[in-house]
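Enquirer: Please find one structure pasted underneath; my questions will follow.
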Amino acid sequence: MRIEDYITDEISLKLIKKAEEFARNFFEREGTHGFSHVKRVFNLCMHIGKAEGADLEVLALAAFLHDVARPLEDEGIVEDHAKESAKIARRFLTSLKYPKVDEVVHAIEAHRFSRPPDPRTLEAKILSDADKLDAIGAIGVARVFMYYGEHGRDIEFSIKHFEEKILKLGDLVYTHTAKKLAEERHKFVEEFVDRLVREIEGEL
């Protein structure tokens with residue numbers, strides 16, 4: 001997906017690409033929360049944001065910067081990557097004299113469904129939706145097995161994760177566009193888990 005298909009203003013494009021490069025530097029390796037996850041969240045944000053009439057500039061910046069502190073959380077350096085990412089984003093955007101810093105920062109702070117604050121703005125809701133959607137569907141299945149492969153967990157443990165978390169995410173999205181995407185992705189995961197269980201049981 002090309003950024004230019006959604007953002008046409010040259011000044012906005014330059015700022016967003018600068019944010020993308022800034023964010024990329026925080027990710028030394030790939031994995032379930034690597035920069036490829038950030039790019040997919042960005043793609044979802046642009047698709048949903050255009051359909052919902054969001055401020056795509058704010059949304060693009062929030063998407064690229066929302067997980068910059070995730071590697072720090074994974075290493076145990078910070079407790080909450082959303083809060084720390086918001087602080088980093090504030091410093092970065094303030095240094096560029098960006099006028100909508102607060103809007104971007106709120107979206108980043110509120111993107112985790114399991115922790116406060118709740119998203120108040122449309123852009124914050126879309127970022128939260130996109131982050132959840134990347135955990136559902138074919139990508140979600142791939143990410144679950146990547147994660148449990150990295151941590152030495154077995155298939156049965158992964159099934160429990162699908163049932164306790166992944167299959168509940170579709171009910172937590174906010175926007176109409178995200179709900180439609182979540183329905184399709186949820187159905188895929190449901191069918192996959194059902195078949196996986198049946199194969200383990202020797203039924204198929």
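Naming scheme: A, B, ... for chains in displayed order of the structure tokens; residues 1 onward per chain; ligands 1 onward as shown.
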Which residues are near range 147-156 of chain A? Cut-off 7 Å, only C-alpha atoms, ignore same chain within fewer than 4 positions. Put them as an MDAnalysis selection string.
Expert: chainID A and resid 32 143 160
Enquirer: Output N, CA and C atoms for every residue in that selection, as a PDB file, in the first residue's frame.
Expert:
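Final output, out24.pdb:
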```pdb
ATOM      1  N   THR A  32       6.680 -10.867  16.685  1.00  0.00           N
ATOM      2  CA  THR A  32       5.237 -10.598  16.737  1.00  0.00           C
ATOM      3  C   THR A  32       4.928  -9.113  16.861  1.00  0.00           C
ATOM      4  N   ARG A 143       0.821 -14.808  13.927  1.00  0.00           N
ATOM      5  CA  ARG A 143       1.483 -14.142  15.055  1.00  0.00           C
ATOM      6  C   ARG A 143       1.429 -14.981  16.336  1.00  0.00           C
ATOM      7  N   LYS A 160      -5.448 -22.412  23.739  1.00  0.00           N
ATOM      8  CA  LYS A 160      -5.986 -21.731  24.919  1.00  0.00           C
ATOM      9  C   LYS A 160      -5.932 -20.214  24.737  1.00  0.00           C
TER      10      LYS A 160
END
```
Enquirer: I'd like a table as JSON lines: residues in range 96-173 of chain A with an atom no more than 10 Å from range 46-53 of chain A, each row giving the shortest atom pair and its distance in Å to one decimal, only C-alpha atoms counted, sorted by chain and rising residue number.
Expert:
```
{"residue": "A:Leu122", "atom": "CA", "partner": "A:Glu52", "partner_atom": "CA", "distance": 8.4}
{"residue": "A:Glu123", "atom": "CA", "partner": "A:Gly49", "partner_atom": "CA", "distance": 7.4}
{"residue": "A:Lys125", "atom": "CA", "partner": "A:Gly49", "partner_atom": "CA", "distance": 9.9}
{"residue": "A:Ile126", "atom": "CA", "partner": "A:Gly49", "partner_atom": "CA", "distance": 6.7}
{"residue": "A:Leu127", "atom": "CA", "partner": "A:Gly49", "partner_atom": "CA", "distance": 9.0}
{"residue": "A:Asp129", "atom": "CA", "partner": "A:Ile48", "partner_atom": "CA", "distance": 8.9}
{"residue": "A:Ala130", "atom": "CA", "partner": "A:Ile48", "partner_atom": "CA", "distance": 8.1}
```
Enquirer: Could you tell me how far CA of Glu183 in chain A sits from CA of Ala124 in chain A, in Å to one decimal place?
Expert: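 It comes out at 20.7 Å.
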Enquirer: DSSP says alpha helix (DSSP H) for which residues of range 20-149 of chain A? Put them as an mmCIF file with C-alpha atoms, in the first residue's frame?
Expert:
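So states.cif came out as:
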```cif
data_model
loop_
_atom_site.group_PDB
_atom_site.id
_atom_site.type_symbol
_atom_site.label_atom_id
_atom_site.label_comp_id
_atom_site.auth_asym_id
_atom_site.auth_seq_id
_atom_site.Cartn_x
_atom_site.Cartn_y
_atom_site.Cartn_z
ATOM 1 C CA GLU A 20 8.136 6.242 9.777
ATOM 2 C CA GLU A 21 11.939 6.361 9.618
ATOM 3 C CA PHE A 22 12.140 7.564 13.225
ATOM 4 C CA ALA A 23 9.962 4.668 14.372
ATOM 5 C CA ARG A 24 11.816 2.065 12.305
ATOM 6 C CA PHE A 35 8.108 -3.125 12.516
ATOM 7 C CA SER A 36 6.080 -5.297 10.118
ATOM 8 C CA HIS A 37 3.284 -5.166 12.735
ATOM 9 C CA VAL A 38 3.552 -1.371 12.754
ATOM 10 C CA LYS A 39 3.249 -1.264 8.964
ATOM 11 C CA ARG A 40 0.181 -3.503 8.976
ATOM 12 C CA VAL A 41 -1.458 -1.351 11.648
ATOM 13 C CA PHE A 42 -0.682 1.710 9.542
ATOM 14 C CA ASN A 43 -2.291 0.071 6.479
ATOM 15 C CA LEU A 44 -5.408 -0.794 8.467
ATOM 16 C CA CYS A 45 -5.565 2.714 9.931
ATOM 17 C CA MET A 46 -5.485 4.295 6.486
ATOM 18 C CA HIS A 47 -8.191 1.965 5.148
ATOM 19 C CA ILE A 48 -10.473 2.393 8.174
ATOM 20 C CA GLY A 49 -9.690 6.082 8.605
ATOM 21 C CA LYS A 50 -10.594 6.935 5.016
ATOM 22 C CA ALA A 51 -13.886 5.047 5.314
ATOM 23 C CA GLU A 52 -14.724 6.663 8.658
ATOM 24 C CA LEU A 56 -5.482 10.718 8.258
ATOM 25 C CA GLU A 57 -2.410 12.773 9.126
ATOM 26 C CA VAL A 58 -2.946 12.367 12.881
ATOM 27 C CA LEU A 59 -3.813 8.722 12.367
ATOM 28 C CA ALA A 60 -0.741 7.982 10.248
ATOM 29 C CA LEU A 61 1.597 9.564 12.790
ATOM 30 C CA ALA A 62 -0.045 7.703 15.665
ATOM 31 C CA ALA A 63 0.144 4.400 13.774
ATOM 32 C CA PHE A 64 3.854 4.687 13.032
ATOM 33 C CA LEU A 65 4.730 5.818 16.561
ATOM 34 C CA ARG A 70 7.432 -2.022 22.670
ATOM 35 C CA PRO A 71 11.011 -3.383 22.509
ATOM 36 C CA LEU A 72 11.711 -1.584 25.807
ATOM 37 C CA GLU A 73 8.714 -3.294 27.440
ATOM 38 C CA ASP A 74 9.791 -6.665 26.057
ATOM 39 C CA HIS A 81 4.896 0.598 26.154
ATOM 40 C CA ALA A 82 1.804 2.658 25.263
ATOM 41 C CA LYS A 83 2.590 5.344 27.843
ATOM 42 C CA GLU A 84 6.283 5.354 27.004
ATOM 43 C CA SER A 85 5.611 5.433 23.254
ATOM 44 C CA ALA A 86 3.333 8.429 23.837
ATOM 45 C CA LYS A 87 6.137 10.249 25.693
ATOM 46 C CA ILE A 88 8.613 9.520 22.901
ATOM 47 C CA ALA A 89 6.093 10.639 20.288
ATOM 48 C CA ARG A 90 5.438 13.876 22.180
ATOM 49 C CA ARG A 91 9.137 14.730 22.288
ATOM 50 C CA PHE A 92 9.620 13.873 18.618
ATOM 51 C CA LEU A 93 6.603 15.794 17.318
ATOM 52 C CA THR A 94 7.189 18.764 19.625
ATOM 53 C CA SER A 95 10.720 19.049 18.257
ATOM 54 C CA VAL A 101 0.706 16.666 19.212
ATOM 55 C CA ASP A 102 -2.014 16.082 21.815
ATOM 56 C CA GLU A 103 -4.269 14.261 19.336
ATOM 57 C CA VAL A 104 -1.484 11.889 18.296
ATOM 58 C CA VAL A 105 -0.347 11.303 21.877
ATOM 59 C CA HIS A 106 -3.856 10.467 23.091
ATOM 60 C CA ALA A 107 -4.331 7.903 20.306
ATOM 61 C CA ILE A 108 -1.059 6.203 21.261
ATOM 62 C CA GLU A 109 -1.825 6.237 25.005
ATOM 63 C CA LEU A 122 -12.175 8.852 16.314
ATOM 64 C CA GLU A 123 -8.472 8.569 15.509
ATOM 65 C CA ALA A 124 -7.758 6.897 18.865
ATOM 66 C CA LYS A 125 -10.598 4.427 18.326
ATOM 67 C CA ILE A 126 -9.330 3.557 14.854
ATOM 68 C CA LEU A 127 -5.771 2.970 16.064
ATOM 69 C CA SER A 128 -7.083 0.715 18.830
ATOM 70 C CA ASP A 129 -9.246 -1.123 16.282
ATOM 71 C CA ALA A 130 -6.350 -1.594 13.864
ATOM 72 C CA ASP A 131 -4.069 -2.903 16.601
ATOM 73 C CA LYS A 132 -6.710 -5.472 17.605
ATOM 74 C CA LEU A 133 -7.451 -6.454 14.015
ATOM 75 C CA GLY A 137 -7.493 -13.491 11.010
ATOM 76 C CA ALA A 138 -4.690 -15.189 9.090
ATOM 77 C CA ILE A 139 -2.161 -12.662 10.399
ATOM 78 C CA GLY A 140 -3.380 -13.284 13.931
ATOM 79 C CA VAL A 141 -2.909 -17.035 13.539
ATOM 80 C CA ALA A 142 0.615 -16.508 12.203
ATOM 81 C CA ARG A 143 1.483 -14.142 15.055
ATOM 82 C CA VAL A 144 0.219 -16.535 17.746
ATOM 83 C CA PHE A 145 2.456 -19.321 16.496
ATOM 84 C CA MET A 146 5.387 -16.947 16.034
ATOM 85 C CA TYR A 147 5.008 -15.833 19.654
ATOM 86 C CA TYR A 148 4.678 -19.302 21.117
ATOM 87 C CA GLY A 149 7.515 -20.570 18.932
#
```
Enquirer: Taking only C-alpha atoms into account, which of A:Val197, A:Leu15, A:Leu96, A:Val189 comes nearest Leu167 in chain A?
Expert: A:Val189
Enquirer: Taking only C-alpha atoms into account, name the residue in A:Ile166, A:Glu75, A:Tyr174, A:His186 that is nearest to Pro119 in chain A.
Expert: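 Ranking A:Ile166, A:Glu75, A:Tyr174, A:His186 by distance to Pro119 in chain A, first place goes to A:Tyr174.
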Enquirer: Counting only C-alpha atoms, which residue out of A:Ala182, A:Asp5, A:Ser158, A:Lys168 sits closest to Asp134 in chain A?
Expert: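 Answer, going by the shortest atom-to-atom distance: A:Ala182.
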